[in-house]
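Here is the structure we will look at, set down as structure tokens.
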Amino acid sequence: MAAAAAQEEEVIIVGAGQSGLAVSACLSQRGVKSLILERDDCVGSLWRKRAYDRLHLHLAKQYCALPHLPHPDSSPTYLPRDAFADYLDAYASRFGARTRLRREVTSARFDAGERRWVVDAVDLAAGGEVETYTARFLVVASGENDERFVPEVPGIEAFTGAVMHAAEYRSAKGMGGKAVLVVGCGNSGMEIAYDLAVGGAVTSIVARGELHLVTKEIWNVAMALHGYHVPAWIIDKLVLLMCAVVFGGDTARHGLRRPAVGPFTMKLTTPAYPVVDRPRRQRRRVRRREATPFRRHRLRHRLPELRQALAQALEGGERPILRGDGEEGNLRQLRGRRAHRRRHQRASPPREGPGQRQLNIYIHITTIYILACDFSKKKSL
């Protein structure tokens, strides 16, 4: 089918996710017109269509607001998936983002003679008609999690169970009592494995390398310190100290070895990201509800074929199912089993242990430090 006449724009943005919407809003605030081309039929499609039901933001809402529109005080600290998707819709409406949905960009080339970008997009709603756009500037905001990666596991064709990617997972409904293996120990892998364990599945999880495990509260302290220009190595020391208190020492004794690079330094200098664990109060509530405990230990050698196949699949440095990151081939397992001990059957109010008291002291000291920095900054003005 012949391409239609080129449509001239000042700026073309590819992708209507957080980055694309934020760029469009910032340009509009400066009087620059832009056009967003989005492959899906809505803005923020990652949150609407490719996220599991339990998903909440891992960072407090003040760190997840887009430019010029903070989250309201009435919203929860950690926004659920649907609430954040609604926020993106409201953001697009607030700043009048010009968005053309169901447009899949197939090529973009720079015309040096005209000094303009030439962008071809397929109108998926019109049977594949090709549209051509020209623009002075091109912004690619298609996201780092757009492409799925599924490792090739030898013998997987003989597996009679279901195989799915994290983008297809919604909830543990219908998986109670079934054995489920989650490949990848990033934030998505950890949360999905947790969801499966709570839902009654016999859950195992494997990862190819070391990882940093932190809680949401601890990571919020780290983010706050970073906002006051505290050096990353100091933040690393404080985060690891608080993690040792919360997790009862080194997580290596659970089979989860930490990388040599500190957690915040890793965030700033590499694509890897620490795994953010659930708040302590939620873990207590799960135990009171007789949910499956989530125990961490080394992968047993009773599955040598699977172990070898997964190690080969993960050796290439690619991202495995459920976003597992790391460079080594050593595998770890997290297994969920039902709690049969009678002491777990009696619901009891949560008690604040000595570890939690020490953590609160660290957080209070950090808060005082932040307030002091804020006071000195205002005084200097």
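Ordering of the structure tokens sets the chain letters (A, B, ...), residue numbers begin anew at 1 in every chain, and ligands are numbered from 1 in the order given.
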Could you give me the residues within range 63-146 of chain A that DSSP places in strand (DSSP E), as a PyMOL selection string?
chain A and resi 99-100+103-111+116-123+129-140
Write out, as a JSON list (two decimals), in the first residue's frame, the residues just selected, with N, CA and C atoms.
```
[["chain", "number", "residue", "atom", "x", "y", "z"],
["A", 99, "THR", "N", -1.54, 12.47, 21.13],
["A", 99, "THR", "CA", -1.13, 11.07, 21.02],
["A", 99, "THR", "C", -1.90, 10.38, 19.91],
["A", 100, "ARG", "N", -1.19, 9.68, 19.07],
["A", 100, "ARG", "CA", -1.82, 8.84, 18.05],
["A", 100, "ARG", "C", -1.55, 7.38, 18.42],
["A", 103, "ARG", "N", -0.15, 3.15, 16.48],
["A", 103, "ARG", "CA", 0.85, 3.46, 15.46],
["A", 103, "ARG", "C", 2.16, 2.78, 15.85],
["A", 104, "GLU", "N", 2.58, 1.84, 15.04],
["A", 104, "GLU", "CA", 3.84, 1.14, 15.30],
["A", 104, "GLU", "C", 4.93, 1.70, 14.40],
["A", 105, "VAL", "N", 5.92, 2.32, 15.02],
["A", 105, "VAL", "CA", 7.03, 2.91, 14.26],
["A", 105, "VAL", "C", 7.91, 1.79, 13.73],
["A", 106, "THR", "N", 8.12, 1.78, 12.43],
["A", 106, "THR", "CA", 8.91, 0.72, 11.78],
["A", 106, "THR", "C", 10.29, 1.20, 11.34],
["A", 107, "SER", "N", 10.45, 2.51, 11.13],
["A", 107, "SER", "CA", 11.77, 3.02, 10.72],
["A", 107, "SER", "C", 11.86, 4.50, 11.03],
["A", 108, "ALA", "N", 13.09, 4.95, 11.24],
["A", 108, "ALA", "CA", 13.37, 6.37, 11.44],
["A", 108, "ALA", "C", 14.75, 6.66, 10.87],
["A", 109, "ARG", "N", 14.83, 7.62, 10.00],
["A", 109, "ARG", "CA", 16.11, 7.97, 9.36],
["A", 109, "ARG", "C", 16.25, 9.48, 9.31],
["A", 110, "PHE", "N", 17.48, 9.94, 9.36],
["A", 110, "PHE", "CA", 17.74, 11.38, 9.35],
["A", 110, "PHE", "C", 18.13, 11.82, 7.95],
["A", 111, "ASP", "N", 17.38, 12.77, 7.40],
["A", 111, "ASP", "CA", 17.66, 13.34, 6.09],
["A", 111, "ASP", "C", 18.62, 14.51, 6.29],
["A", 116, "ARG", "N", 16.01, 16.93, 8.77],
["A", 116, "ARG", "CA", 14.80, 16.51, 9.45],
["A", 116, "ARG", "C", 14.78, 14.99, 9.55],
["A", 117, "TRP", "N", 14.08, 14.51, 10.56],
["A", 117, "TRP", "CA", 13.87, 13.08, 10.71],
["A", 117, "TRP", "C", 12.67, 12.65, 9.88],
["A", 118, "VAL", "N", 12.79, 11.49, 9.25],
["A", 118, "VAL", "CA", 11.68, 10.89, 8.50],
["A", 118, "VAL", "C", 11.29, 9.60, 9.21],
["A", 119, "VAL", "N", 10.07, 9.56, 9.70],
["A", 119, "VAL", "CA", 9.60, 8.44, 10.52],
["A", 119, "VAL", "C", 8.44, 7.75, 9.83],
["A", 120, "ASP", "N", 8.53, 6.44, 9.67],
["A", 120, "ASP", "CA", 7.45, 5.64, 9.10],
["A", 120, "ASP", "C", 6.76, 4.88, 10.21],
["A", 121, "ALA", "N", 5.43, 4.91, 10.22],
["A", 121, "ALA", "CA", 4.65, 4.21, 11.23],
["A", 121, "ALA", "C", 3.48, 3.50, 10.57],
["A", 122, "VAL", "N", 3.17, 2.31, 11.06],
["A", 122, "VAL", "CA", 2.05, 1.52, 10.54],
["A", 122, "VAL", "C", 0.83, 1.79, 11.40],
["A", 123, "ASP", "N", -0.28, 2.14, 10.75],
["A", 123, "ASP", "CA", -1.54, 2.34, 11.45],
["A", 123, "ASP", "C", -2.18, 0.97, 11.65],
["A", 129, "GLU", "N", -1.93, 0.46, 7.09],
["A", 129, "GLU", "CA", -1.57, 1.61, 6.24],
["A", 129, "GLU", "C", -0.33, 2.30, 6.81],
["A", 130, "VAL", "N", 0.59, 2.65, 5.92],
["A", 130, "VAL", "CA", 1.85, 3.28, 6.34],
["A", 130, "VAL", "C", 1.70, 4.79, 6.35],
["A", 131, "GLU", "N", 2.06, 5.40, 7.46],
["A", 131, "GLU", "CA", 2.05, 6.86, 7.59],
["A", 131, "GLU", "C", 3.49, 7.35, 7.70],
["A", 132, "THR", "N", 3.77, 8.48, 7.09],
["A", 132, "THR", "CA", 5.12, 9.06, 7.14],
["A", 132, "THR", "C", 5.06, 10.42, 7.82],
["A", 133, "TYR", "N", 5.96, 10.62, 8.76],
["A", 133, "TYR", "CA", 6.05, 11.89, 9.49],
["A", 133, "TYR", "C", 7.47, 12.44, 9.33],
["A", 134, "THR", "N", 7.57, 13.76, 9.33],
["A", 134, "THR", "CA", 8.88, 14.41, 9.37],
["A", 134, "THR", "C", 8.92, 15.33, 10.58],
["A", 135, "ALA", "N", 10.09, 15.46, 11.18],
["A", 135, "ALA", "CA", 10.21, 16.29, 12.38],
["A", 135, "ALA", "C", 11.65, 16.77, 12.52],
["A", 136, "ARG", "N", 11.80, 17.91, 13.19],
["A", 136, "ARG", "CA", 13.14, 18.42, 13.46],
["A", 136, "ARG", "C", 13.84, 17.58, 14.52],
["A", 137, "PHE", "N", 13.05, 17.08, 15.46],
["A", 137, "PHE", "CA", 13.64, 16.32, 16.56],
["A", 137, "PHE", "C", 12.87, 15.01, 16.74],
["A", 138, "LEU", "N", 13.59, 13.97, 17.15],
["A", 138, "LEU", "CA", 13.01, 12.65, 17.41],
["A", 138, "LEU", "C", 13.41, 12.20, 18.80],
["A", 139, "VAL", "N", 12.43, 11.82, 19.59],
["A", 139, "VAL", "CA", 12.67, 11.31, 20.94],
["A", 139, "VAL", "C", 12.20, 9.86, 21.00],
["A", 140, "VAL", "N", 13.10, 8.95, 21.31],
["A", 140, "VAL", "CA", 12.74, 7.53, 21.44],
["A", 140, "VAL", "C", 12.51, 7.23, 22.92]]
```
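Using only C-alpha atoms, the smallest distance between any of A:Val214, A:Leu35, A:Ala141, A:Val206 and Val11 in chain A comes from A:Leu35.
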DSSP helix (DSSP H, G or I) residues within range 55-100 of chain A, as an MDAnalysis selection string
chainID A and resid 61:63 81:94
For the residues in the current selection, export C-alpha atoms as an mmCIF file, in the first residue's frame.
```
data_model
loop_
_atom_site.group_PDB
_atom_site.id
_atom_site.type_symbol
_atom_site.label_atom_id
_atom_site.label_comp_id
_atom_site.auth_asym_id
_atom_site.auth_seq_id
_atom_site.Cartn_x
_atom_site.Cartn_y
_atom_site.Cartn_z
ATOM 1 C CA LYS A 61 5.074 8.275 45.434
ATOM 2 C CA GLN A 62 7.196 11.437 45.770
ATOM 3 C CA TYR A 63 9.958 9.702 43.793
ATOM 4 C CA ARG A 81 -0.795 -0.560 39.514
ATOM 5 C CA ASP A 82 -4.256 0.741 38.569
ATOM 6 C CA ALA A 83 -3.820 3.979 40.525
ATOM 7 C CA PHE A 84 -0.570 4.750 38.733
ATOM 8 C CA ALA A 85 -2.151 3.950 35.361
ATOM 9 C CA ASP A 86 -4.978 6.382 36.190
ATOM 10 C CA TYR A 87 -2.359 8.972 37.115
ATOM 11 C CA LEU A 88 -0.752 8.607 33.674
ATOM 12 C CA ASP A 89 -4.145 9.106 31.997
ATOM 13 C CA ALA A 90 -4.764 12.229 34.081
ATOM 14 C CA TYR A 91 -1.259 13.484 33.290
ATOM 15 C CA ALA A 92 -1.799 13.121 29.542
ATOM 16 C CA SER A 93 -5.111 15.003 29.780
ATOM 17 C CA ARG A 94 -3.717 17.705 32.050
#
```
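Counting from CA of Arg39 in chain A, the distance to CA of Ile13 in chain A is 11.7 Å.
Relative to CA of Phe95 in chain A, CA of Cys26 in chain A is found at 8.9 Å.
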Please report the interatomic distance between CA of Glu9 in chain A and CA of Leu46 in chain A in Å with one decimal.
26.2 Å
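Considering the residues A:Tyr169, A:Phe159, A:Tyr228, A:Trp233 and counting only C-alpha atoms, Ile192 in chain A has its shortest atom-to-atom contact with A:Tyr169.
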Fewer than 6 positions away in the same chain doesn't count, so skip those; otherwise give me all residues within 7 Å of range 170-175 of chain A, counting only C-alpha atoms, as number ranges by chain.
A: 51-53, 195-196, 199, 201
Saved selection, atoms kept: N, CA and C atoms, as a CSV table (one decimal), in the first residue's frame:
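As a result, part.csv now contains:
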```csv
chain,number,residue,atom,x,y,z
A,51,ALA,N,1.2,-6.0,33.5
A,51,ALA,CA,1.6,-6.0,34.9
A,51,ALA,C,0.7,-6.9,35.7
A,52,TYR,N,1.3,-7.5,36.7
A,52,TYR,CA,0.5,-8.4,37.6
A,52,TYR,C,-0.4,-7.6,38.5
A,53,ASP,N,-1.4,-8.3,39.0
A,53,ASP,CA,-2.4,-7.6,39.9
A,53,ASP,C,-1.8,-7.0,41.2
A,195,ASP,N,3.8,-13.9,45.4
A,195,ASP,CA,2.3,-14.0,45.1
A,195,ASP,C,1.9,-15.4,44.9
A,196,LEU,N,2.7,-16.2,44.3
A,196,LEU,CA,2.4,-17.6,44.1
A,196,LEU,C,2.5,-18.4,45.4
A,199,GLY,N,-0.5,-17.6,47.4
A,199,GLY,CA,-1.6,-18.3,46.7
A,199,GLY,C,-1.7,-19.8,46.9
A,201,ALA,N,0.8,-22.0,45.9
A,201,ALA,CA,1.6,-22.8,45.0
A,201,ALA,C,2.9,-23.2,45.7
```
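Each of A:Ile235, A:Met242, A:Val163, A:Ala97 was compared to Gln29 in chain A using only C-alpha atoms, and A:Ala97 turns out to be the nearest.
If you measure from each of A:Leu27, A:Ala197, A:Ala167, A:Ala244 to Leu55 in chain A using only C-alpha atoms, the closest one turns out to be A:Ala167.
Remark: for Tyr194 in chain A, the closest of the candidate residues A:Arg54, A:His229, A:Arg258, A:Arg30 is A:Arg54 (distances computed over only C-alpha atoms).
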Please identify every residue of range 55-170 of chain A that has at least one atom no farther than 12 Å from an atom of range 176-190 of chain A, counting only C-alpha atoms, and for each give the shortest atom pair and the distance in Å to one decimal, arranged by chain then increasing number, as a Markdown table.
```
| residue | atom | partner | partner_atom | distance |
| --- | --- | --- | --- | --- |
| A:Leu55 | CA | A:Ser188 | CA | 8.6 |
| A:His56 | CA | A:Ser188 | CA | 10.7 |
| A:Leu57 | CA | A:Asn187 | CA | 10.6 |
| A:His58 | CA | A:Asn187 | CA | 8.7 |
| A:Leu59 | CA | A:Asn187 | CA | 12.0 |
| A:Asn145 | CA | A:Ser188 | CA | 11.5 |
| A:Phe149 | CA | A:Gly184 | CA | 11.3 |
| A:Val150 | CA | A:Val183 | CA | 9.6 |
| A:Pro151 | CA | A:Val183 | CA | 9.6 |
| A:Val153 | CA | A:Val183 | CA | 11.2 |
| A:Gly161 | CA | A:Val180 | CA | 9.4 |
| A:Ala162 | CA | A:Val180 | CA | 9.5 |
| A:Val163 | CA | A:Leu181 | CA | 9.6 |
| A:Met164 | CA | A:Val182 | CA | 9.8 |
| A:His165 | CA | A:Val183 | CA | 9.6 |
| A:Ala166 | CA | A:Ser188 | CA | 7.4 |
| A:Ala167 | CA | A:Ser188 | CA | 9.5 |
| A:Glu168 | CA | A:Ser188 | CA | 12.0 |
| A:Tyr169 | CA | A:Ser188 | CA | 10.3 |
| A:Arg170 | CA | A:Ser188 | CA | 11.7 |
```
